[in-house]
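Worksheet for the structure shown next.
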Amino acid sequence: MGVVSLKEIVDRAFGERYGVPAINILNDLTLQSVLAGAMEARSPLIVQTSVKTVKSIGAPVLFAMWKSMTEHVDVPVTLHLDHCPDRAIITQCLDLGWNSVLFDASQLPVEENLRQTIEVVAEARAHGAHVEGEIEAITGVEDGHGSDEVGARQTLEVSLDFIRRTGVDVFAPSIGNAHGVYASEPVLDFDRVTALVGAETVPIALHGGSGMTDDQFRDLISRGCAKVNISTALKMLYLQSSLSHTQKSAAAGKWDPPTVFAAVSSDVRAMTTALAETFGSAGKAW
């Protein structure tokens with residue numbers, strides 16, 4: 001199967017009520033590992049890149065990595081630009097071949113957000129790409145973007161008007177979720193997802209997934225959360241695994257980086273397959 005559009009992946013997940021892991025990769029190792037994990041689980045996968053990762057690696061190099069590593073992938077995968085407020089970076093990524101973008105103008109007034117999102121949707125359509133939209137800032141800072149202040153939520157009517165007028169393919173509401181590490185189990189507004197989906201059949205993106213319970217995931221997925229974002233959990237696993245295996249190398253006096261890389265890769269693959277099982281996407285490849 002290989003690379004497909006975001007819409008193909010989320011529409012099927014939304015219709016069948018399973019969630020697709022949308023994992024923010026950091027480098028070539030994590031990209032290769034999440035792809036391998038998705039193939040092992042026979043799961044669709046949304047590979048996400050933050051603006052910070054795009055800038056640190058370089059968009060052309062990052063896309064070349066994607067093209068090379070997905071050449072023989074046999075499950076549905078798609079490349080998504082996460083939380084990007086910068087229109088120039090959106091244009092650069094769409095021009096190169098990203099399959100979808102999240103234009104994050106949640107810090108702008110709703111009407112200005114709506115106006116610019118309509119423009120981004122038109123730009124994406126010209127590339128055969130898709131758009132995720134949001135009008136409420138998700139609490140927490142992720143890759144240098146966002147705020148720890150709790151943002152105001154819009155009414156259901158405002159949210160529905162935004163979805164309908166912009167034509168976004170996925171919508172990310174604020175439901176008490178947050179980026180980063182939760183200090184305690186989050187209190188989530190499950191009914192808000194139900195209300196949105198009941199009024200407009202649009203797949204919902206669940207942000208701030210790192211730290212939610214399996215029961216919370218499954219409940220929200222059953223209500224229409226088809227795209228489930230995972231970023232902080234991968235960062236923590238990557239650094240903790242790297243540290244643990246580096247310490248083992250130090251204790252043994254054997255300085256062999258490929259051995260550490262292989263161990264970290266195995267841990268990332270295992271995390272990806274576990275997420276697919278939890279979200280119900282394992283075995284859903286077509």
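Order determines the names: the first chain of the structure tokens is A, the second B, and so forth; residues in each chain are numbered 1 upward, and ligands are numbered 1 upward as they are shown.
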Worksheet item: Could you pull out the strand (DSSP E) residues of region 110-260 of chain A from DSSP and send them as a list in words?
Response: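 Residues meeting the strand (DSSP E) criterion: His130, Val131, Glu132, Gly133, Glu134, Gly140, Val141, Glu142, His145, Gly146, Ser147, Val170, Phe171, Ile204, Ala205, Leu206, Cys225, Ala226, Lys227, Val228, Asn229 and Ile230 of chain A.
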Discussion item. Using only C-alpha atoms, which protein or nucleic acid residues come within 12 Å of Ala270 (chain A)? Drop anything in the same chain fewer than 4 positions from it, and give the result as a PyMOL selection string.
Written reply: chain A and resi 30+33-41+234+237-238+263-266+274-277
Keeping only N, CA, C and O atoms, take the residues you just selected and write them out as a CSV table (one decimal), in the first residue's frame.
chain,number,residue,atom,x,y,z
A,30,THR,N,14.0,7.3,14.5
A,30,THR,CA,12.6,7.2,14.9
A,30,THR,C,11.7,7.0,13.7
A,30,THR,O,10.7,6.3,13.8
A,33,SER,N,11.9,3.4,12.7
A,33,SER,CA,11.4,2.5,13.7
A,33,SER,C,9.8,2.5,13.8
A,33,SER,O,9.2,1.5,13.9
A,34,VAL,N,9.2,3.7,13.6
A,34,VAL,CA,7.7,3.7,13.7
A,34,VAL,C,7.1,3.1,12.4
A,34,VAL,O,6.1,2.4,12.5
A,35,LEU,N,7.8,3.2,11.3
A,35,LEU,CA,7.3,2.6,10.1
A,35,LEU,C,7.4,1.1,10.3
A,35,LEU,O,6.5,0.3,9.9
A,36,ALA,N,8.5,0.6,10.8
A,36,ALA,CA,8.7,-0.9,11.1
A,36,ALA,C,7.6,-1.4,12.1
A,36,ALA,O,7.1,-2.4,11.9
A,37,GLY,N,7.4,-0.6,13.1
A,37,GLY,CA,6.3,-1.0,14.1
A,37,GLY,C,5.0,-1.0,13.4
A,37,GLY,O,4.2,-1.9,13.8
A,38,ALA,N,4.6,-0.1,12.6
A,38,ALA,CA,3.3,-0.1,11.9
A,38,ALA,C,3.2,-1.3,11.0
A,38,ALA,O,2.1,-2.0,11.0
A,39,MET,N,4.3,-1.7,10.3
A,39,MET,CA,4.2,-2.9,9.5
A,39,MET,C,4.1,-4.2,10.3
A,39,MET,O,3.3,-5.1,9.9
A,40,GLU,N,4.8,-4.2,11.4
A,40,GLU,CA,4.6,-5.3,12.3
A,40,GLU,C,3.2,-5.5,12.8
A,40,GLU,O,2.7,-6.6,12.9
A,41,ALA,N,2.6,-4.4,13.2
A,41,ALA,CA,1.2,-4.4,13.7
A,41,ALA,C,0.2,-4.5,12.6
A,41,ALA,O,-1.0,-4.6,12.9
A,234,LEU,N,7.0,9.6,22.8
A,234,LEU,CA,8.2,9.1,22.0
A,234,LEU,C,9.5,9.8,22.5
A,234,LEU,O,10.5,9.2,22.5
A,237,LEU,N,10.6,8.1,25.7
A,237,LEU,CA,11.1,6.8,25.4
A,237,LEU,C,12.5,6.8,24.7
A,237,LEU,O,13.4,6.1,25.1
A,238,TYR,N,12.6,7.7,23.7
A,238,TYR,CA,13.9,7.8,23.0
A,238,TYR,C,15.0,8.2,23.9
A,238,TYR,O,16.1,7.6,23.8
A,263,ALA,N,19.0,-1.0,19.9
A,263,ALA,CA,18.2,-1.2,21.1
A,263,ALA,C,17.1,-0.1,21.2
A,263,ALA,O,15.9,-0.4,21.5
A,264,VAL,N,17.4,1.1,20.9
A,264,VAL,CA,16.5,2.2,20.9
A,264,VAL,C,15.4,2.0,19.9
A,264,VAL,O,14.2,2.1,20.1
A,265,SER,N,15.8,1.6,18.7
A,265,SER,CA,14.9,1.3,17.6
A,265,SER,C,13.9,0.2,18.0
A,265,SER,O,12.7,0.3,17.7
A,266,SER,N,14.4,-0.8,18.7
A,266,SER,CA,13.5,-1.9,19.1
A,266,SER,C,12.4,-1.4,20.1
A,266,SER,O,11.2,-1.8,20.0
A,274,ALA,N,2.3,-1.3,20.3
A,274,ALA,CA,1.4,-1.3,21.5
A,274,ALA,C,0.4,-0.2,21.3
A,274,ALA,O,-0.8,-0.4,21.6
A,275,LEU,N,0.7,1.0,20.7
A,275,LEU,CA,-0.3,2.0,20.5
A,275,LEU,C,-1.3,1.5,19.5
A,275,LEU,O,-2.5,1.8,19.6
A,276,ALA,N,-0.9,0.8,18.4
A,276,ALA,CA,-1.8,0.3,17.4
A,276,ALA,C,-2.8,-0.7,18.1
A,276,ALA,O,-4.0,-0.7,17.7
A,277,GLU,N,-2.3,-1.5,19.0
A,277,GLU,CA,-3.2,-2.4,19.7
A,277,GLU,C,-4.2,-1.7,20.5
A,277,GLU,O,-5.4,-2.0,20.5
Residues near Leu108 (chain A), anyone? I mean within 10 Å using only C-alpha atoms, not counting same-chain ones fewer than 6 positions away, as a CSV table (one decimal) with N, CA, C and O atoms, in the first residue's frame.
chain,number,residue,atom,x,y,z
A,85,PRO,N,2.2,27.4,12.6
A,85,PRO,CA,1.6,28.7,12.4
A,85,PRO,C,2.2,29.5,11.3
A,85,PRO,O,1.7,30.6,11.0
A,114,LEU,N,-10.1,31.6,10.6
A,114,LEU,CA,-11.0,31.1,9.6
A,114,LEU,C,-10.5,31.5,8.2
A,114,LEU,O,-10.4,30.7,7.2
A,116,GLN,N,-7.6,32.7,7.1
A,116,GLN,CA,-6.4,32.1,6.6
A,116,GLN,C,-6.5,30.6,6.4
A,116,GLN,O,-5.8,30.0,5.5
A,135,ILE,N,-9.3,25.9,16.3
A,135,ILE,CA,-9.5,27.3,16.7
A,135,ILE,C,-9.2,27.5,18.2
A,135,ILE,O,-9.3,28.7,18.6
A,136,GLU,N,-8.9,26.5,18.9
A,136,GLU,CA,-8.6,26.6,20.3
A,136,GLU,C,-7.2,26.1,20.6
A,136,GLU,O,-6.9,25.0,20.2
A,137,ALA,N,-6.4,26.8,21.3
A,137,ALA,CA,-5.1,26.4,21.7
A,137,ALA,C,-5.1,25.2,22.7
A,137,ALA,O,-5.9,25.3,23.7
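Among the candidates A:Asp11, A:Glu71, A:Glu134, A:Asp104, the residue lying nearest to Phe171 (chain A) is A:Glu134 (atoms considered: only C-alpha atoms).
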Worksheet item: Quick one: residues within 12 Å of Val168 (chain A), only C-alpha atoms counted, chain neighbours fewer than 6 positions away excluded, as a PyMOL selection string?
Response: chain A and resi 6-7+100-103+114+116-122+124-125+129-135+159-162+200-205
Discussion item. Using DSSP assignments from the backbone, pull out every residue in region 17-252 of chain A that falls under helix (DSSP H, G or I) and give it to me as a ChimeraX atom specification.
Written reply: /A:28-41,51-57,59-69,87-96,110-126,156-166,190-199,214-223,232-252
Worksheet entry | Option closest in space to Arg87 (chain A), from A:Val51, A:Ala126, A:Val75, A:Met69 [counting only C-alpha atoms] | A:Val51
Discussion item. Taking only C-alpha atoms into account, name the residue in A:Asp169, A:Asp191, A:Asp219, A:Asp214 that is nearest to Ile9 (chain A).
Written reply: A:Asp169
Worksheet entry | Atom pair CA of Ile163 (chain A) / CA of Arg115 (chain A): separation (Å) |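 Between CA of Ile163 (chain A) and CA of Arg115 (chain A) the gap is 12.0 Å.
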Worksheet item: Which one of A:Val170, A:Cys93, A:Val193, A:Leu79 sits closest to Ile23 (chain A) if you count only C-alpha atoms?
Response: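 Checking each of A:Val170, A:Cys93, A:Val193, A:Leu79 against Ile23 (chain A), counting only C-alpha atoms, the winner is A:Leu79.
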